[in-house]
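Okay, target.txt is below, compact mmCIF, C-alpha atoms:
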# COMPACT_ATOMS: atom_id res chain seq x y z
CA MET T 245 29.47 -0.23 12.07
CA ASN T 246 32.36 -0.39 9.64
CA HIS T 247 31.19 -3.65 8.13
CA HIS T 248 28.91 -3.03 5.17
CA PRO T 249 26.17 -5.56 4.47
CA ALA T 250 26.27 -7.02 0.95
CA GLY T 251 24.32 -4.82 -1.44
CA TYR T 252 24.31 -1.89 0.98
CA SER T 253 24.97 1.22 -1.08
CA TYR T 254 24.04 4.15 1.18
CA GLY T 255 26.00 7.20 0.09
CA ASP T 256 27.55 5.48 -2.94
CA THR T 257 28.43 7.95 -5.66
CA SER T 258 27.00 5.40 -8.11
CA LEU T 259 23.49 5.96 -6.71
CA ALA T 260 21.27 8.23 -8.78
CA PRO T 261 19.88 11.26 -6.97
CA SER T 262 16.32 10.68 -5.78
CA PRO T 263 13.59 12.11 -8.01
CA VAL T 264 12.06 13.33 -4.74
CA SER T 265 13.21 16.84 -3.89
CA ILE T 266 14.07 18.12 -0.44
CA ASP T 267 11.02 20.40 -0.69
CA THR T 268 8.73 17.46 -1.37
CA LEU T 269 10.31 15.59 1.52
CA ALA T 270 9.58 18.58 3.75
CA GLN T 271 5.92 18.45 2.69
CA ILE T 272 5.70 14.75 3.57
CA GLN T 273 7.35 15.48 6.90
CA ARG T 274 4.65 18.05 7.60
CA SER T 275 2.00 15.50 6.62
CA VAL T 276 3.36 13.05 9.21
CA LEU T 277 3.51 15.83 11.85
CA TRP T 278 7.30 15.69 11.96
CA SER T 279 8.96 18.08 14.41
CA GLU T 280 12.44 18.79 15.75
CA ASP T 281 11.41 16.95 18.92
CA ASP T 282 10.91 13.85 16.79
CA SER T 283 14.41 14.18 15.35
CA GLU T 284 15.86 14.22 18.84
CA ALA T 285 13.62 11.40 20.10
CA LEU T 286 14.61 9.28 17.10
CA ARG T 287 18.31 9.75 17.91
CA ARG T 288 17.69 8.58 21.46
CA ALA T 289 15.62 5.65 20.14
CA GLY T 290 18.57 4.61 18.01
CA GLU T 291 20.83 4.42 21.05
CA ILE T 292 18.39 1.97 22.63
CA LEU T 293 17.45 0.01 19.53
CA VAL T 294 20.75 -0.53 17.75
CA PRO T 295 22.22 -2.75 20.50
CA GLN T 296 19.02 -4.84 20.26
CA THR T 297 19.08 -5.13 16.47
CA GLU T 298 19.34 -8.93 16.34
CA GLN T 299 16.49 -9.42 18.79
CA ILE T 300 14.31 -6.98 16.82
CA LEU T 301 15.08 -8.80 13.59
CA ASP T 302 14.22 -12.11 15.28
CA VAL T 303 10.76 -10.72 16.05
CA TRP T 304 10.25 -9.33 12.55
CA TYR T 305 11.54 -12.43 10.80
CA GLY T 306 9.48 -14.63 13.08
CA PHE T 307 6.40 -12.68 12.04
CA VAL T 308 7.22 -12.83 8.33
CA GLY T 309 8.07 -16.52 8.59
CA ALA T 310 4.74 -17.25 10.23
CA ASN T 311 2.81 -15.65 7.37
CA PRO T 312 3.01 -17.51 4.04
CA HIS T 313 1.76 -14.48 2.08
CA LEU T 314 4.70 -12.45 3.44
CA VAL T 315 7.46 -15.04 3.28
CA ALA T 316 6.54 -15.62 -0.39
CA THR T 317 8.60 -12.50 -1.14
CA PHE T 318 11.70 -14.50 -0.20
CA ALA T 319 11.00 -17.54 -2.37
CA GLY T 320 13.89 -18.94 -4.36
CA SER T 321 13.69 -20.69 -7.72
CA ASP T 322 12.15 -23.78 -6.09
CA GLY T 323 9.38 -21.70 -4.54
CA GLN T 324 10.71 -22.29 -1.02
CA PRO T 325 12.12 -19.54 1.23
CA ASP T 326 15.70 -18.88 0.16
CA GLY T 327 17.91 -18.81 3.26
CA VAL T 328 20.74 -16.89 1.62
CA TYR T 329 18.34 -14.24 0.31
CA LEU T 330 16.63 -13.96 3.71
CA ALA T 331 19.99 -13.53 5.43
CA ALA T 332 21.20 -10.86 3.00
CA VAL T 333 18.03 -8.80 3.36
CA ARG T 334 18.14 -9.28 7.13
CA GLU T 335 21.57 -7.74 7.38
CA ARG T 336 20.52 -4.67 5.40
CA PHE T 337 17.29 -4.46 7.39
CA GLY T 338 19.35 -4.31 10.57
CA ARG T 339 21.43 -1.49 9.17
CA TRP T 340 18.22 0.26 8.17
CA ILE T 341 17.22 0.54 11.85
CA ALA T 342 20.49 2.33 12.64
CA ASP T 343 20.31 4.54 9.56
CA LEU T 344 16.70 5.55 10.14
CA CYS T 345 17.48 6.67 13.67
CA ALA T 346 20.84 8.35 13.07
CA ARG T 347 21.08 9.66 9.51
CA PRO T 348 19.97 13.13 8.51
CA PHE T 349 17.03 13.24 6.12
CA ASP T 350 19.08 14.75 3.29
CA ALA T 351 19.84 14.06 -0.37
CA ASP T 352 21.95 10.98 0.42
CA TRP T 353 19.17 9.59 2.57
CA LEU T 354 16.59 10.27 -0.14
CA ALA T 355 18.76 8.61 -2.79
CA TYR T 356 19.02 5.44 -0.75
CA GLN T 357 15.29 5.43 0.03
CA GLU T 358 14.68 5.50 -3.73
CA GLU T 359 17.10 2.59 -4.15
CA ILE T 360 15.21 0.66 -1.46
CA ALA T 361 11.97 1.56 -3.22
CA LEU T 362 13.24 0.12 -6.51
CA ARG T 363 14.35 -3.05 -4.74
CA HIS T 364 10.74 -3.68 -3.70
CA HIS T 365 9.36 -2.92 -7.17
CA THR T 366 9.62 -4.96 -10.38
CA ARG T 367 12.34 -2.56 -11.47
CA GLY T 368 14.82 -3.78 -8.89
CA LYS T 369 13.59 -6.76 -6.90
CA ASN T 370 15.99 -9.75 -6.74
CA ARG T 371 18.72 -7.91 -8.62
CA THR T 372 20.79 -6.85 -5.62
CA ASP T 373 21.01 -10.37 -4.26
CA GLY T 374 21.05 -12.16 -7.63
CA VAL T 375 18.02 -14.23 -6.67
CA ASP T 376 15.99 -16.22 -9.18
CA SER T 377 12.68 -15.70 -7.38
CA PRO T 378 9.11 -16.26 -8.58
CA SER T 379 8.30 -13.11 -6.54
CA GLY T 380 8.92 -10.19 -8.89
CA HIS T 381 7.80 -7.44 -6.55
CA VAL T 382 6.70 -6.78 -3.00
CA PRO T 383 2.98 -6.06 -3.22
CA LEU T 384 2.13 -2.42 -2.53
CA SER T 385 -0.49 -3.63 -0.04
CA HIS T 386 2.15 -5.48 2.01
CA LEU T 387 4.54 -2.55 1.96
CA ILE T 388 1.93 -0.25 3.51
CA ALA T 389 0.39 -2.78 5.89
CA LEU T 390 3.78 -3.54 7.39
CA ILE T 391 3.90 -0.04 8.86
CA VAL T 392 1.89 -1.53 11.72
CA PRO T 393 4.06 -4.47 12.81
CA ILE T 394 7.29 -2.55 12.20
CA THR T 395 5.90 0.15 14.48
CA VAL T 396 4.10 -1.66 17.27
CA THR T 397 6.70 -4.36 17.85
CA ILE T 398 9.31 -1.69 18.58
CA ARG T 399 7.67 -0.30 21.71
CA ASP T 400 8.80 -3.07 24.07
CA PHE T 401 12.36 -2.68 22.81
CA LEU T 402 12.22 1.07 23.48
CA GLY T 403 11.09 0.37 27.04
CA ALA T 404 13.71 -2.32 27.68
CA ARG T 405 16.10 0.04 29.43
CA GLY T 406 13.46 1.26 31.85
CA ALA T 407 12.90 4.69 30.30
CA ASP T 408 9.89 6.44 31.75
CA PRO T 409 6.58 6.02 29.87
CA ALA T 410 6.53 9.57 28.48
CA GLU T 411 10.00 9.13 27.05
CA VAL T 412 9.13 5.74 25.55
CA ASP T 413 6.03 7.33 24.05
CA ALA T 414 8.04 10.18 22.48
CA MET T 415 10.51 7.74 20.92
CA TYR T 416 7.71 5.41 19.83
CA HIS T 417 5.87 8.15 17.97
CA ALA T 418 9.05 9.47 16.36
CA TRP T 419 9.67 5.92 15.16
CA MET T 420 6.09 5.58 13.85
CA LYS T 421 6.43 8.80 11.88
CA ALA T 422 9.84 7.86 10.50
CA VAL T 423 8.64 4.41 9.42
CA THR T 424 5.61 5.89 7.69
CA LEU T 425 7.80 8.51 6.01
CA SER T 426 10.08 5.73 4.74
CA VAL T 427 7.19 3.68 3.39
CA VAL T 428 5.77 6.74 1.63
CA LEU T 429 9.08 7.14 -0.19
CA TRP T 430 9.29 3.42 -0.99
CA THR T 431 5.93 3.47 -2.76
CA ARG T 432 6.95 6.07 -5.36
CA PRO T 433 7.91 3.61 -8.14
CA TYR T 434 4.48 1.96 -7.89
CA ASN T 435 2.94 5.03 -9.52
CA PRO T 436 5.39 7.87 -10.19
CA GLU T 437 2.74 9.97 -11.97
CA LEU T 438 0.15 9.91 -9.18
CA TRP T 439 2.57 9.65 -6.25
CA MET W 35 -27.61 8.06 11.90
CA ASN W 36 -30.56 7.97 9.51
CA HIS W 37 -29.39 11.02 7.64
CA HIS W 38 -27.16 10.05 4.74
CA PRO W 39 -24.44 12.47 3.69
CA ALA W 40 -24.58 13.46 0.01
CA GLY W 41 -22.65 10.97 -2.09
CA TYR W 42 -22.61 8.38 0.67
CA SER W 43 -23.30 5.02 -0.95
CA TYR W 44 -22.34 2.41 1.64
CA GLY W 45 -24.29 -0.75 0.99
CA ASP W 46 -25.90 0.56 -2.20
CA THR W 47 -26.81 -2.23 -4.56
CA SER W 48 -25.42 -0.03 -7.35
CA LEU W 49 -21.89 -0.41 -5.94
CA ALA W 50 -19.71 -2.93 -7.74
CA PRO W 51 -18.27 -5.69 -5.58
CA SER W 52 -14.70 -4.97 -4.52
CA PRO W 53 -12.01 -6.67 -6.60
CA VAL W 54 -10.42 -7.47 -3.21
CA SER W 55 -11.56 -10.84 -1.92
CA ILE W 56 -12.37 -11.66 1.69
CA ASP W 57 -9.32 -13.96 1.67
CA THR W 58 -7.03 -11.12 0.59
CA LEU W 59 -8.57 -8.90 3.25
CA ALA W 60 -7.81 -11.59 5.83
CA GLN W 61 -4.17 -11.59 4.70
CA ILE W 62 -3.93 -7.83 5.09
CA GLN W 63 -5.53 -8.10 8.51
CA ARG W 64 -2.82 -10.57 9.50
CA SER W 65 -0.20 -8.15 8.16
CA VAL W 66 -1.51 -5.40 10.43
CA LEU W 67 -1.61 -7.82 13.42
CA TRP W 68 -5.41 -7.66 13.58
CA SER W 69 -7.03 -9.72 16.33
CA GLU W 70 -10.47 -10.25 17.79
CA ASP W 71 -9.41 -8.01 20.69
CA ASP W 72 -8.94 -5.22 18.17
CA SER W 73 -12.46 -5.73 16.84
CA GLU W 74 -13.86 -5.31 20.33
CA ALA W 75 -11.61 -2.36 21.18
CA LEU W 76 -12.65 -0.64 17.96
CA ARG W 77 -16.34 -1.02 18.88
CA ARG W 78 -15.64 0.60 22.23
CA ALA W 79 -13.62 3.35 20.51
CA GLY W 80 -16.60 4.12 18.31
CA GLU W 81 -18.81 4.69 21.34
CA ILE W 82 -16.35 7.32 22.55
CA LEU W 83 -15.45 8.87 19.21
CA VAL W 84 -18.79 9.18 17.43
CA PRO W 85 -20.22 11.74 19.90
CA GLN W 86 -17.02 13.78 19.34
CA THR W 87 -17.14 13.58 15.56
CA GLU W 88 -17.40 17.33 14.93
CA GLN W 89 -14.50 18.13 17.25
CA ILE W 90 -12.37 15.45 15.58
CA LEU W 91 -13.19 16.85 12.16
CA ASP W 92 -12.32 20.33 13.41
CA VAL W 93 -8.83 19.06 14.29
CA TRP W 94 -8.38 17.24 10.99
CA TYR W 95 -9.69 20.08 8.87
CA GLY W 96 -7.59 22.56 10.83
CA PHE W 97 -4.54 20.49 9.99
CA VAL W 98 -5.41 20.16 6.31
CA GLY W 99 -6.27 23.86 6.09
CA ALA W 100 -2.90 24.79 7.59
CA ASN W 101 -1.03 22.83 4.92
CA PRO W 102 -1.28 24.23 1.39
CA HIS W 103 -0.05 20.98 -0.18
CA LEU W 104 -2.97 19.15 1.46
CA VAL W 105 -5.74 21.70 1.03
CA ALA W 106 -4.88 21.81 -2.71
CA THR W 107 -6.94 18.62 -3.02
CA PHE W 108 -10.02 20.73 -2.31
CA ALA W 109 -9.37 23.47 -4.86
CA GLY W 110 -12.30 24.61 -6.97
CA SER W 111 -12.15 25.92 -10.52
CA ASP W 112 -10.59 29.19 -9.32
CA GLY W 113 -7.79 27.31 -7.56
CA GLN W 114 -9.06 28.34 -4.12
CA PRO W 115 -10.44 25.91 -1.52
CA ASP W 116 -14.04 25.12 -2.44
CA GLY W 117 -16.21 25.44 0.66
CA VAL W 118 -19.05 23.33 -0.67
CA TYR W 119 -16.66 20.54 -1.66
CA LEU W 120 -14.90 20.70 1.72
CA ALA W 121 -18.24 20.49 3.53
CA ALA W 122 -19.49 17.54 1.47
CA VAL W 123 -16.31 15.54 2.07
CA ARG W 124 -16.37 16.49 5.73
CA GLU W 125 -19.80 15.00 6.23
CA ARG W 126 -18.76 11.70 4.65
CA PHE W 127 -15.49 11.75 6.62
CA GLY W 128 -17.50 12.01 9.81
CA ARG W 129 -19.60 9.03 8.80
CA TRP W 130 -16.39 7.17 8.00
CA ILE W 131 -15.37 7.36 11.68
CA ALA W 132 -18.61 5.69 12.73
CA ASP W 133 -18.47 3.10 9.95
CA LEU W 134 -14.85 2.17 10.60
CA CYS W 135 -15.58 1.51 14.26
CA ALA W 136 -18.93 -0.22 13.93
CA ARG W 137 -19.23 -1.98 10.58
CA PRO W 138 -18.13 -5.55 10.00
CA PHE W 139 -15.22 -5.96 7.60
CA ASP W 140 -17.31 -7.83 5.04
CA ALA W 141 -18.14 -7.62 1.33
CA ASP W 142 -20.23 -4.45 1.75
CA TRP W 143 -17.42 -2.81 3.66
CA LEU W 144 -14.89 -3.83 1.03
CA ALA W 145 -17.11 -2.53 -1.79
CA TYR W 146 -17.33 0.88 -0.17
CA GLN W 147 -13.58 0.99 0.54
CA GLU W 148 -13.03 0.43 -3.18
CA GLU W 149 -15.46 3.25 -3.95
CA ILE W 150 -13.54 5.53 -1.54
CA ALA W 151 -10.33 4.41 -3.23
CA LEU W 152 -11.64 5.40 -6.65
CA ARG W 153 -12.73 8.80 -5.28
CA HIS W 154 -9.11 9.54 -4.40
CA HIS W 155 -7.77 8.34 -7.75
CA THR W 156 -8.09 9.95 -11.19
CA ARG W 157 -10.83 7.42 -11.93
CA GLY W 158 -13.27 8.99 -9.50
CA LYS W 159 -12.01 12.20 -7.93
CA ASN W 160 -14.40 15.18 -8.11
CA ARG W 161 -17.16 13.11 -9.71
CA THR W 162 -19.18 12.43 -6.57
CA ASP W 163 -19.41 16.12 -5.67
CA GLY W 164 -19.50 17.46 -9.24
CA VAL W 165 -16.46 19.63 -8.60
CA ASP W 166 -14.47 21.28 -11.37
CA SER W 167 -11.12 21.00 -9.58
CA PRO W 168 -7.57 21.39 -10.88
CA SER W 169 -6.74 18.55 -8.46
CA GLY W 170 -7.37 15.36 -10.42
CA HIS W 171 -6.21 12.91 -7.76
CA VAL W 172 -5.06 12.71 -4.17
CA PRO W 173 -1.34 11.95 -4.35
CA LEU W 174 -0.47 8.44 -3.21
CA SER W 175 2.17 9.96 -0.93
CA HIS W 176 -0.43 12.05 0.90
CA LEU W 177 -2.82 9.13 1.27
CA ILE W 178 -0.19 7.04 3.05
CA ALA W 179 1.39 9.87 5.07
CA LEU W 180 -1.99 10.82 6.51
CA ILE W 181 -2.07 7.52 8.42
CA VAL W 182 -0.02 9.37 11.03
CA PRO W 183 -2.17 12.43 11.78
CA ILE W 184 -5.42 10.45 11.47
CA THR W 185 -3.99 8.07 14.04
CA VAL W 186 -2.15 10.21 16.56
CA THR W 187 -4.76 12.97 16.83
CA ILE W 188 -7.35 10.43 17.94
CA ARG W 189 -5.66 9.45 21.19
CA ASP W 190 -6.74 12.49 23.18
CA PHE W 191 -10.32 11.96 22.04
CA LEU W 192 -10.16 8.32 23.19
CA GLY W 193 -8.98 9.48 26.60
CA ALA W 194 -11.58 12.23 26.92
CA ARG W 195 -13.94 10.12 29.01
CA GLY W 196 -11.28 9.21 31.52
CA ALA W 197 -10.75 5.61 30.43
CA ASP W 198 -7.69 4.04 32.03
CA PRO W 199 -4.43 4.22 30.07
CA ALA W 200 -4.39 0.52 29.15
CA GLU W 201 -7.89 0.78 27.72
CA VAL W 202 -7.03 3.96 25.78
CA ASP W 203 -3.97 2.18 24.46
CA ALA W 204 -5.99 -0.85 23.30
CA MET W 205 -8.49 1.38 21.48
CA TYR W 206 -5.71 3.55 20.05
CA HIS W 207 -3.89 0.59 18.53
CA ALA W 208 -7.09 -0.93 17.16
CA TRP W 209 -7.74 2.44 15.52
CA MET W 210 -4.18 2.61 14.13
CA LYS W 211 -4.54 -0.83 12.58
CA ALA W 212 -7.98 -0.08 11.16
CA VAL W 213 -6.81 3.21 9.61
CA THR W 214 -3.79 1.50 8.05
CA LEU W 215 -6.00 -1.30 6.75
CA SER W 216 -8.31 1.28 5.18
CA VAL W 217 -5.44 3.15 3.54
CA VAL W 218 -4.04 -0.11 2.16
CA LEU W 219 -7.38 -0.73 0.45
CA TRP W 220 -7.60 2.85 -0.81
CA THR W 221 -4.26 2.56 -2.62
CA ARG W 222 -5.33 -0.35 -4.85
CA PRO W 223 -6.33 1.73 -7.90
CA TYR W 224 -2.90 3.41 -7.92
CA ASN W 225 -1.39 0.14 -9.16
CA PRO W 226 -3.83 -2.74 -9.43
CA GLU W 227 -1.22 -5.06 -10.97
CA LEU W 228 1.41 -4.63 -8.25
CA TRP W 229 -0.95 -4.02 -5.33
Translate this file's structure into C-alpha cells.
Amino acid sequence: MNHHPAGYSYGDTSLAPSPVSIDTLAQIQRSVLWSEDDSEALRRAGEILVPQTEQILDVWYGFVGANPHLVATFAGSDGQPDGVYLAAVRERFGRWIADLCARPFDADWLAYQEEIALRHHTRGKNRTDGVDSPSGHVPLSHLIALIVPITVTIRDFLGARGADPAEVDAMYHAWMKAVTLSVVLWTRPYNPELW
Amino acid sequence: MNHHPAGYSYGDTSLAPSPVSIDTLAQIQRSVLWSEDDSEALRRAGEILVPQTEQILDVWYGFVGANPHLVATFAGSDGQPDGVYLAAVRERFGRWIADLCARPFDADWLAYQEEIALRHHTRGKNRTDGVDSPSGHVPLSHLIALIVPITVTIRDFLGARGADPAEVDAMYHAWMKAVTLSVVLWTRPYNPELW
C-alpha cells in the first residue's frame, strides 16, 4: 500500500480542513446507527475485501459501463468514455475501499471526504485528472442512488472466505452504514446552506 | 385505507406534475438495481408491514425522539417538540409505508414524491401543518443518512410472520432500494440544477 494512486491526497497538508466538524460527524454517525461493533466489523471487512479489490472494481465498473447515464460521467472531450480518466478514478476508488475500512473517522478522514465531495461537484470535477469532459458534475441523484449497488454487490465478496452468515451480516451492515456516511459527506457541496 | 391523513394529497389534481420524467425515474431505478422481482417482493413486504404500521412508527419515532439533532425538525414556536406536528407527520409517514409498497411508480407517484421533497425543503416545510417552527428545512445530510435506520429497522418486521430467510432477504432488499429511490427524489429541490 505504499504506492499512491495519481491524485490521491489523503492526509496531505495541502488539503483544507473539512467544514464538517467532528461533532457534526458524530451526529451523522448516530443517524446511521453507527456503533463500536460496526467499527470492528468494518476492520474485519477490510481484511476480506482489500485482497479482492480488483474483482470488486470489475463488478462496479461493469455496472457503470453497462449504464450510459452513469458512464457519461467519464466522457472525454469527444463524448466517449475516456480510458485514462476511468483508470485513474478506478485506482483511487480501489484505495477508497481500503481507507473506508481501515482509517479512523477523524479530521484527516473528513478533510479527504470533502476533497472527494468537491471532485464530484462542479467545483472540482475533472480538475484532478486534467480531463476535458462535457460532464461538469456527478448528478446528486446518481451519487445517492449508487449507495445501493456499492452496498449490495459487496455481500458476496464478504462471504467469499466462508465466514458464517451472522458475521457476513455484521460486516455487510457496517459497510452499508459507512458507505451511506461517506455519501452524506460527499453531498455537502451540492447545498452547503441546507446540508 | 379510506381515511386520509391531514395534508395527504397523493393523486390530487391540484398537485403539479413532477419535474422528474418517467425516463429519468427509469434511470434512477437502474442505478439502484431495480428489477421486476423487487416490484413483486415489495408488494409482499407491504402485506406484512402495513398491519404493523403503528409498531414500525413507534420504533422510528423512538429513534428520532432519542436524537436531539433529529427531533429538532419537529420543534414548535417555543423550540420544544410540537406534539400536534409530530402526530400529523406520523400519520402521513404511516401511509407512506403502504404507498411505497403498493403504488405503481408512475406520474402520480412521482408528483407526490416531489410534494414530499418540497415539504422537507425551505420551499414547503411547515406549510402543510401550519407550524411556526424554528426549523425551516430538514438538513440534506439527515435526509440521506436516514436511509439506514429506515432500512435496517424494517428487517425484523419483515421476519415477524416467520417467512423463510431468503424471502425476508428479497423483501428487505426491495425495501432498501425503494427507500433509497424515494430519498433520491426527495433531494431534488436541494439542488435542481445539479440533481
Check which residues of chain W sit at most 6 Å from chain T using all atoms listed in the file, and return one row each with the closest pair of atoms and their distance in Å to one decimal, ordered by chain and rising number, as CSV.
residue,atom,partner,partner_atom,distance
W:Ser65,CA,T:Ala389,CA,5.9
W:Val66,CA,T:Val392,CA,5.3
W:Pro173,CA,T:Trp439,CA,4.9
W:Leu174,CA,T:Trp439,CA,4.5
W:Ser175,CA,T:Trp439,CA,5.3
W:Ala179,CA,T:Val276,CA,5.6
W:Val182,CA,T:Val276,CA,5.3
W:Val218,CA,T:Ser385,CA,5.5
W:Leu228,CA,T:Pro383,CA,5.5
W:Trp229,CA,T:Leu384,CA,4.5
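Going from CA of Gly80 (chain W) to CA of Cys135 (chain W) covers 4.9 Å.
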Non-local contacts of Gln86 (chain W) (12 Å; all atoms listed in the file; under 3 positions in same chain excluded) as a VMD selection string: chain W and resid 79 to 83 89 to 93 128 to 129 131 to 132 188 190 to 195
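What separates CA of Tyr95 (chain W) from CA of Arg124 (chain W) is a distance of 8.2 Å.
CA of Tyr44 (chain W) sits 19.3 Å away from CA of Tyr119 (chain W).
Between Asp343 (chain T) and the residues T:Ala410, T:Leu259, T:Val294, T:Leu330, the shortest atom-to-atom distance, using only C-alpha atoms, involves T:Val294.
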May I ask you to restore all heavy atoms in region 262-270 of chain T and write the result as a PDB file, keeping the file's coordinate frame?
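That gives us result18.pdb:
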ATOM      1  N   SER T 262      17.757  10.986  -5.833  1.00  0.00           N
ATOM      2  CA  SER T 262      16.320  10.680  -5.780  1.00  0.00           C
ATOM      3  C   SER T 262      15.539  11.652  -6.647  1.00  0.00           C
ATOM      4  O   SER T 262      15.850  12.844  -6.682  1.00  0.00           O
ATOM      5  CB  SER T 262      15.818  10.800  -4.346  1.00  0.00           C
ATOM      6  OG  SER T 262      14.408  10.696  -4.321  1.00  0.00           O
ATOM      7  N   PRO T 263      14.497  11.174  -7.313  1.00  0.00           N
ATOM      8  CA  PRO T 263      13.590  12.110  -8.010  1.00  0.00           C
ATOM      9  C   PRO T 263      12.751  12.921  -7.025  1.00  0.00           C
ATOM     10  O   PRO T 263      12.059  13.858  -7.447  1.00  0.00           O
ATOM     11  CB  PRO T 263      12.717  11.187  -8.859  1.00  0.00           C
ATOM     12  CG  PRO T 263      12.845   9.824  -8.268  1.00  0.00           C
ATOM     13  CD  PRO T 263      14.140   9.767  -7.520  1.00  0.00           C
ATOM     14  N   VAL T 264      12.812  12.583  -5.748  1.00  0.00           N
ATOM     15  CA  VAL T 264      12.060  13.330  -4.740  1.00  0.00           C
ATOM     16  C   VAL T 264      12.939  14.473  -4.232  1.00  0.00           C
ATOM     17  O   VAL T 264      14.061  14.236  -3.761  1.00  0.00           O
ATOM     18  CB  VAL T 264      11.657  12.416  -3.560  1.00  0.00           C
ATOM     19  CG1 VAL T 264      10.898  13.197  -2.499  1.00  0.00           C
ATOM     20  CG2 VAL T 264      10.840  11.229  -4.063  1.00  0.00           C
ATOM     21  N   SER T 265      12.422  15.679  -4.313  1.00  0.00           N
ATOM     22  CA  SER T 265      13.210  16.840  -3.890  1.00  0.00           C
ATOM     23  C   SER T 265      13.144  17.016  -2.374  1.00  0.00           C
ATOM     24  O   SER T 265      12.259  16.472  -1.700  1.00  0.00           O
ATOM     25  CB  SER T 265      12.668  18.109  -4.558  1.00  0.00           C
ATOM     26  OG  SER T 265      11.397  18.424  -4.011  1.00  0.00           O
ATOM     27  N   ILE T 266      14.079  17.795  -1.871  1.00  0.00           N
ATOM     28  CA  ILE T 266      14.070  18.120  -0.440  1.00  0.00           C
ATOM     29  C   ILE T 266      12.787  18.869  -0.067  1.00  0.00           C
ATOM     30  O   ILE T 266      12.235  18.666   1.028  1.00  0.00           O
ATOM     31  CB  ILE T 266      15.332  18.949  -0.083  1.00  0.00           C
ATOM     32  CG1 ILE T 266      16.598  18.082  -0.195  1.00  0.00           C
ATOM     33  CG2 ILE T 266      15.231  19.561   1.305  1.00  0.00           C
ATOM     34  CD1 ILE T 266      16.767  17.053   0.913  1.00  0.00           C
ATOM     35  N   ASP T 267      12.274  19.690  -0.974  1.00  0.00           N
ATOM     36  CA  ASP T 267      11.020  20.400  -0.690  1.00  0.00           C
ATOM     37  C   ASP T 267       9.842  19.430  -0.569  1.00  0.00           C
ATOM     38  O   ASP T 267       8.970  19.591   0.303  1.00  0.00           O
ATOM     39  CB  ASP T 267      10.725  21.425  -1.805  1.00  0.00           C
ATOM     40  CG  ASP T 267      11.612  22.656  -1.691  1.00  0.00           C
ATOM     41  OD1 ASP T 267      12.334  22.790  -0.673  1.00  0.00           O
ATOM     42  OD2 ASP T 267      11.596  23.478  -2.626  1.00  0.00           O
ATOM     43  N   THR T 268       9.810  18.448  -1.454  1.00  0.00           N
ATOM     44  CA  THR T 268       8.730  17.460  -1.370  1.00  0.00           C
ATOM     45  C   THR T 268       8.861  16.646  -0.091  1.00  0.00           C
ATOM     46  O   THR T 268       7.864  16.346   0.586  1.00  0.00           O
ATOM     47  CB  THR T 268       8.747  16.540  -2.602  1.00  0.00           C
ATOM     48  OG1 THR T 268       8.493  17.348  -3.758  1.00  0.00           O
ATOM     49  CG2 THR T 268       7.692  15.443  -2.511  1.00  0.00           C
ATOM     50  N   LEU T 269      10.083  16.289   0.253  1.00  0.00           N
ATOM     51  CA  LEU T 269      10.310  15.590   1.520  1.00  0.00           C
ATOM     52  C   LEU T 269       9.778  16.417   2.690  1.00  0.00           C
ATOM     53  O   LEU T 269       9.117  15.885   3.597  1.00  0.00           O
ATOM     54  CB  LEU T 269      11.801  15.306   1.712  1.00  0.00           C
ATOM     55  CG  LEU T 269      12.205  14.729   3.065  1.00  0.00           C
ATOM     56  CD1 LEU T 269      11.565  13.367   3.311  1.00  0.00           C
ATOM     57  CD2 LEU T 269      13.728  14.640   3.185  1.00  0.00           C
ATOM     58  N   ALA T 270      10.046  17.714   2.660  1.00  0.00           N
ATOM     59  CA  ALA T 270       9.580  18.580   3.750  1.00  0.00           C
ATOM     60  C   ALA T 270       8.054  18.587   3.834  1.00  0.00           C
ATOM     61  O   ALA T 270       7.487  18.618   4.937  1.00  0.00           O
ATOM     62  CB  ALA T 270      10.119  19.994   3.561  1.00  0.00           C
TER      63      ALA T 270
END
